[in-house]
Each structure stands twice: as structure tokens, then as C-alpha cells.
Amino acid sequence: MDYKRYISEHIQIEGVTKEELEGLIAVPPDTSMGDYALPCFKLAKVLRKSPALIAEDIAANYPADGVVSEAKALNGYVNFRIARAGLAKDVLSRILEEGENYGSSDLGAGKTICIDYSSVNIAKPFHIGHLSTTVIGGALYRIFQFLGYHTVGINHLGDYGTQFGKLISAYKRWGSREEAEKGGIHAINDLYVRFNEEADEAMEAEAREYFRLIESGDKEANELFDWFKSLTLSYVKGIYEKLHITFDSYAGERFYTDKMAPVVEELKEKGLLKESNGAQIVDLEPYGMPPCLILRSDGASLYATRDLAAAIYRKKTYDFDKCLYVVAYQQNLHFKQVFKVLELMGKEWAKDLVHVAYGMVSLEDGAMSTRKGKVVWLEDVLNRCVEKAYSVIDEKNPSLENKQEIAEKVGVGAVIFSALYNNKIKDIVFSYDKALNFDGETSVYVQYTCARASSVLAKAAEGGFEAALPENYTPCDQEFELIRALSDFPDTVKAAAERYEPSFVARWCVDTAQKFNKFYFDCKILQEEETRAFRLALTKATLSALTAGLTLLGIGVPEKM
RNA sequence: GCACUCGUGGCGCAAUUGGAUAGCGUGUCAGCCUCCGACGCUGAAGGUUGUGGGUUCGAUCCCCGCCGGGUGCACCA
């Protein structure tokens, strides 16, 4: 039941459409005021009457019924109270029917959305700074899928540039197959770090030469590069499995090597290309931006050139309705420039490109620096959180089976959640103290709540009690608050998609878990016979909805912990 | 210097894009396990939303100035 629509359809105001009324209806800050509210201030202009009078007028004429039980004017608002029994039945029957699909829809049916996220660099281990793009992108991927969109997850591999010449040079100088196979990607990264520390002009020149060899198809250079690439991919695969991340394409920068020349040609044809200091640029001065560099003075392509080619390729290949780039805000200007250039090229779909920018991660003593060894590796964080989870479980629930498996869900979930709980634009200062603290607003709290609900349901099954929705059951305050939270979930998921904010879903999970815990303490679920069936239904519905929420975020839900 | 961005109790963050008495967690203090899982619940203390103007019936939110933090600004990605 869409209550906003229902209410708006029962109000008659001359000169104001039902749709306008529906758009005005909001939720009061405090449920003691009511369940929905119509602010009358904007109507005051149209009707040339004071908001208070309009509110009183609407309230007096509103036909209360079994759906909306009350309309009351207060301070220029009309507050509506929904008949609790009806709302409860509506929401809970829907959740019990749909289970973990509650909140899903076909809103995006027939639409395609490309999401570029994670985008790892070859031969670089994952550090904590890569977490946001990976889990935000992964969550958006699932959220859009949940809403019926066809989603294309793209890992735009960083596999192009002189850095790979450096890597080969470093490997040939100091590396060996055995060490690399034993030490994996970290061993290779160490070589790269050493190269940067020791490189002189001659070594830099050598690196450039190796990169040229990769480009020109030299067999040895390419074999090495492909080997580094396969080591990297098998390494990241392990991490993606833990984080529940998937991709449909691994087309990285190198993939666009042969797709850039036509773009440059097109820019030239359209008269957008200009020479400046020996380089080829698109002048963006009229738009208040620095020029977009297309070709270096030595003729080589640049980052922007590849992103132009990639965008055009994606449009051609996937015919997307939207293409998201989940990339840190450092690249704000870059994407603004690239999008503008595409627009100038006459690509009317340039408006469908969205830079989903998020904040950066630093450490307590400043920015991360691979060269100075000031790095926090993601796998270390994951391992330590899983260990911590294990020790807590071992302490509180020593007899539990498959403790390791549950510790994985809890520990990894905590890491994912920490990157998804706040607005994505916020910077994050990483500390192990915070990462290992599972109290309060964390995934662990939500998981614990789920385990508690599961436990009640298991006890009910033992006792032969069944969940049911009796006719005309009027929920008490605690029950009703929880039901209201549950009813918000579908809109929350939609808002998360519209604003590219997985944090909305994360916040909803915590909020709903809080309401469940209040309900749990104030209302005995199994004890009292008259309320038992309904409360079991409420418990079951809560578990389904919370599971749906956590699953969208990529977080597992243990039955026991 | 210019552009973008952030600034909310000690600390970390919300506030349904302009609505009612600004919420939550953490930390501090005080309570609650003979009662469905205490990784939990209840209560107390803690705020001039950086600052000064403006717009508005109404501003944490929009506009302008200032202060402070972050990021970016031509051949790296």
C-alpha cells in the first residue's frame, strides 16, 4: 500500500494536483506526531490562506477510515495516523511472501548500467585504500541488480604505462622465478619499490625501453608481463571471493590500445584537437577547466585518451543507460574533463556518465606511502578482523560448530561495513583500534541481531509454535516502530541507487536492528500465547529484511555466532 | 593563486536534498543476566550545526564574505 498516494487521493484542494500533494507528504521527525505529514506552507501561497488554517481545514474534512485512522492539524502541518493493524498486515504479509527478495523490483527492467569499480593495478597488492571502490562498487552492482537493472561490472585494470617497464627492468635485475612464486605479488611489488628507490637516469631509460618492447609485441617482455598479470589476477580473485565481489569484464587500459587512434581521428575531424606546447589537447577554457591532454608531445596517448576510448567502447558494446565510475574524488577534474570532451564530440549519452566519487583513506600518522613502507595491506586487515572475531566467538560461544566459517563472515563483514556505513564522500582515517572494535554501529551488531532472531525462531520451531498474522492485530508501540522500519526498506534501496549511496542501506540495517532489539526487550516473543504468532511473524520478517539488506552490502548472515 | 570538497556534543558520524523539539554510536557516569543470546537493553550528562551576513513563513541544508582541513590544477595513472 502506498500511503502517500492514498492520503493525497483523499484530499481535495482546488488548483493543486494529487501528484503535487503526494510529493509534499513527508514523515514527521517524531512518530508521536503521526505517521505521515502534509506541510501546508507551500499551499498557503496558492490558496492565499495561512498554513495553520489550511491544515485545520484539511484535517477537518479528511475522511478517516480503516486505512488512515486520524488526521490532525498542528503548526501548519496535517499529521496522519495510519491504522496500525492494516499497515502491519500489509508490510508483514508482503515480507513473509517475498522473503529475502523483499525490496526488489523491476524498476530497472530493460535498462543496462555499467559500473567501473575496484580497477586494480597489475603487480600491486591490495591496500586499505582500495577497499572503498571495491565494496561501494560491489554494493551498487547488487543494489541495481536487485532493482531489476542489467548490470555490467567492469574491472578497468591498470595495466598500461611505463611503470610496467620499470617492473620488468627491476625483475630482470634482482628478481627470480622462485622468489616471485614463493612471495607472490608482494615479492614483485618489493622489486618495484626498490626500483623507485634506486633508479637513476639510465635505469629510467631502460624502463622506458622495456615498456616500448611490451608495446611493440616483444615476446619476452610480453611473457613476463602476462605472467605478472596472471599472478595479480589469481591474487585478487582470492580477495574478491572473500568480499563477495564479481565482475563481468576485466577489460583494462591495455585493452584500449588499438581503440584510441580512431578517437583521436574523430577529435581531429570535429575540429576539437589543438596543438599546444607540442602536445595535442582539447581546449576546455570556455568551460573553466584546464585543457584535456590527448597526446603527449612525443605522440603517446594519455590517461584521458584511454578513458575516452573506453567510454565509447562501453556505449557501443553495452548500450548502457548509465555508466558509473567508482573512483576517488582526486579524479574529479579528470572525469569532468573527459565527460565534457565526449559532450563536445556530440555524444548525447555523455550525460549518462557518472563519476561516483568517494573520500580517501589515510593513516593516523598521515597519508599512505608505499615507498616509505607506510601501508596497511587489506589482507592483513581482513585476517586480523577474522582472528578477532574468532577469539570473541571462542570466548562467548565456545561450543559453537564451524567457528572458523562464522568468524570469516563476522570479521570480513566488519571490514566491508566500515567502508559502507558513512556517506561515501567522507575521508576515512584508518586505525586498527577502530577496525577491530565490533561494538555499536557495526555489521557485527546487525549480525548479532539476526543470530538472536534466528535463535528465537529455532526455539519456536522446537516448541511447535508457528508464525501467523491474525486479523485485526493492533501492534504496540515497539512492534509498530519496527514495522515502520521494515516498511521503509524498499524506498531505502531505491534512494541508495538514485544517490549511489550504499550507506543508506547500511544505516537502515543498523536502525532496524536497533528497533528489533528494543522490541525484543520490551515484548516477550514466545512467552505470551495471544501475541506469540504475530511476534514470530514479525521476527521472521525482520530476519528476512535484515538478511536482504546485509546481502546487498556483500555481508554474510550467520544463524549463530 | 584558482577550482572542487569537507567543517554538526570530547571523539566518529546521521538528518529522507528547505520543514516541526538537530538524531545515533563511542567515551564518561548510574542501572539491568533465577526471565526468548549482555557482541545486548535502560537512564544521565554532553549543541549558539566553524564564523559574519543574505534569501525564506521556515536554513545543518541554498547564496555571498571570512576562518580552518583535504584534494586537484599540461604531457603519471
# chains A, B, ... in the order shown; residues from 1 in each chain; ligands from 1
$ closest_atom_pairs --of "chain A" --to "chain B" --cutoff "6 Å" --atoms "only C-alpha atoms (C1' of nucleotides)" --output "CSV"
residue,atom,partner,partner_atom,distance
A:Arg296,CA,B:C75,C1',4.6
A:Gln330,CA,B:U71,C1',5.5
A:Gly440,CA,B:G25,C1',5.5
A:Glu441,CA,B:G25,C1',5.6
A:Arg452,CA,B:G37,C1',5.6
A:Val456,CA,B:C36,C1',5.7
$ write_last_selection --atoms "C-alpha atoms" --output "PDB file, in the first residue's frame"
ATOM      1  CA  ARG A 296      51.875  13.920 -25.437  1.00  0.00           C
ATOM      2  CA  GLN A 330      41.035  13.042  -6.514  1.00  0.00           C
ATOM      3  CA  GLY A 440      27.907  -0.167  18.458  1.00  0.00           C
ATOM      4  CA  GLU A 441      27.008   0.743  14.890  1.00  0.00           C
ATOM      5  CA  ARG A 452      19.263 -13.572  18.089  1.00  0.00           C
ATOM      6  CA  VAL A 456      14.129 -17.314  18.783  1.00  0.00           C
TER       7      VAL A 456
END
$ closest_residue --among "A:Glu22, A:Glu9, A:Asp380, A:Asp427" --to "Gly411 (chain A)" --atoms "only C-alpha atoms"
A:Asp380
$ closest_residue --among "A:Asp365, A:Asp394, A:Asp226, A:Glu215" --to "Ala123 (chain A)" --atoms "only C-alpha atoms"
A:Asp226
$ residues_around --residues "region 525-533 of chain A" --least-positions-apart "3" --cutoff "8 Å" --atoms "only C-alpha atoms (C1' of nucleotides)" --output "PyMOL selection string"
(chain A and resi 456+460+465-470+520+536-537) or (chain B and resi 36)
$ select_by_dssp --residues "region 208-432 of chain A" --states "strand (DSSP E)" --output "NGL selection string"
:A and (273-276 or 279-282 or 292-295 or 322-328 or 353-358 or 361-363 or 428-430)
$ select_by_dssp --residues "region 170-376 of chain A" --states "alpha helix (DSSP H)" --output "PyMOL selection string"
chain A and resi 170-174+177-198+201-215+219-243+260-269+303-318+332-344
$ residues_around --residues "Gln163 (chain A)" --least-positions-apart "2" --cutoff "12 Å" --atoms "only C-alpha atoms (C1' of nucleotides)" --output "JSON, numbers by chain"
{"A": [121, 122, 123, 124, 158, 159, 160, 161, 165, 166, 167, 168, 169, 170, 189, 191, 192, 193, 195, 196, 204, 205, 206, 207, 208, 209, 210, 211, 212, 214, 225], "B": [76, 77]}
$ closest_residue --among "B:C32, B:C2, B:U56, B:G27" --to "Lys42 (chain A)" --atoms "only C-alpha atoms (C1' of nucleotides)"
B:U56
$ residues_around --residues "Ala60 (chain A)" --least-positions-apart "6" --cutoff "10 Å" --atoms "only C-alpha atoms (C1' of nucleotides)" --output "PyMOL selection string"
chain A and resi 54+71-73+78
$ residues_around --residues "Ile11 (chain A)" --least-positions-apart "6" --cutoff "9 Å" --atoms "only C-alpha atoms (C1' of nucleotides)" --output "PDB file with C-alpha atoms, in the first residue's frame"
ATOM      1  CA  LYS A  18      -2.894  14.876  -6.411  1.00  0.00           C
ATOM      2  CA  LEU A  21       0.148  16.772  -2.828  1.00  0.00           C
ATOM      3  CA  ILE A  58      -7.808  19.642   5.541  1.00  0.00           C
ATOM      4  CA  ASN A  61     -12.519  17.369   6.056  1.00  0.00           C
ATOM      5  CA  TYR A  62     -10.303  14.326   5.849  1.00  0.00           C
ATOM      6  CA  PRO A  63     -12.391  11.128   5.773  1.00  0.00           C
TER       7      PRO A  63
END
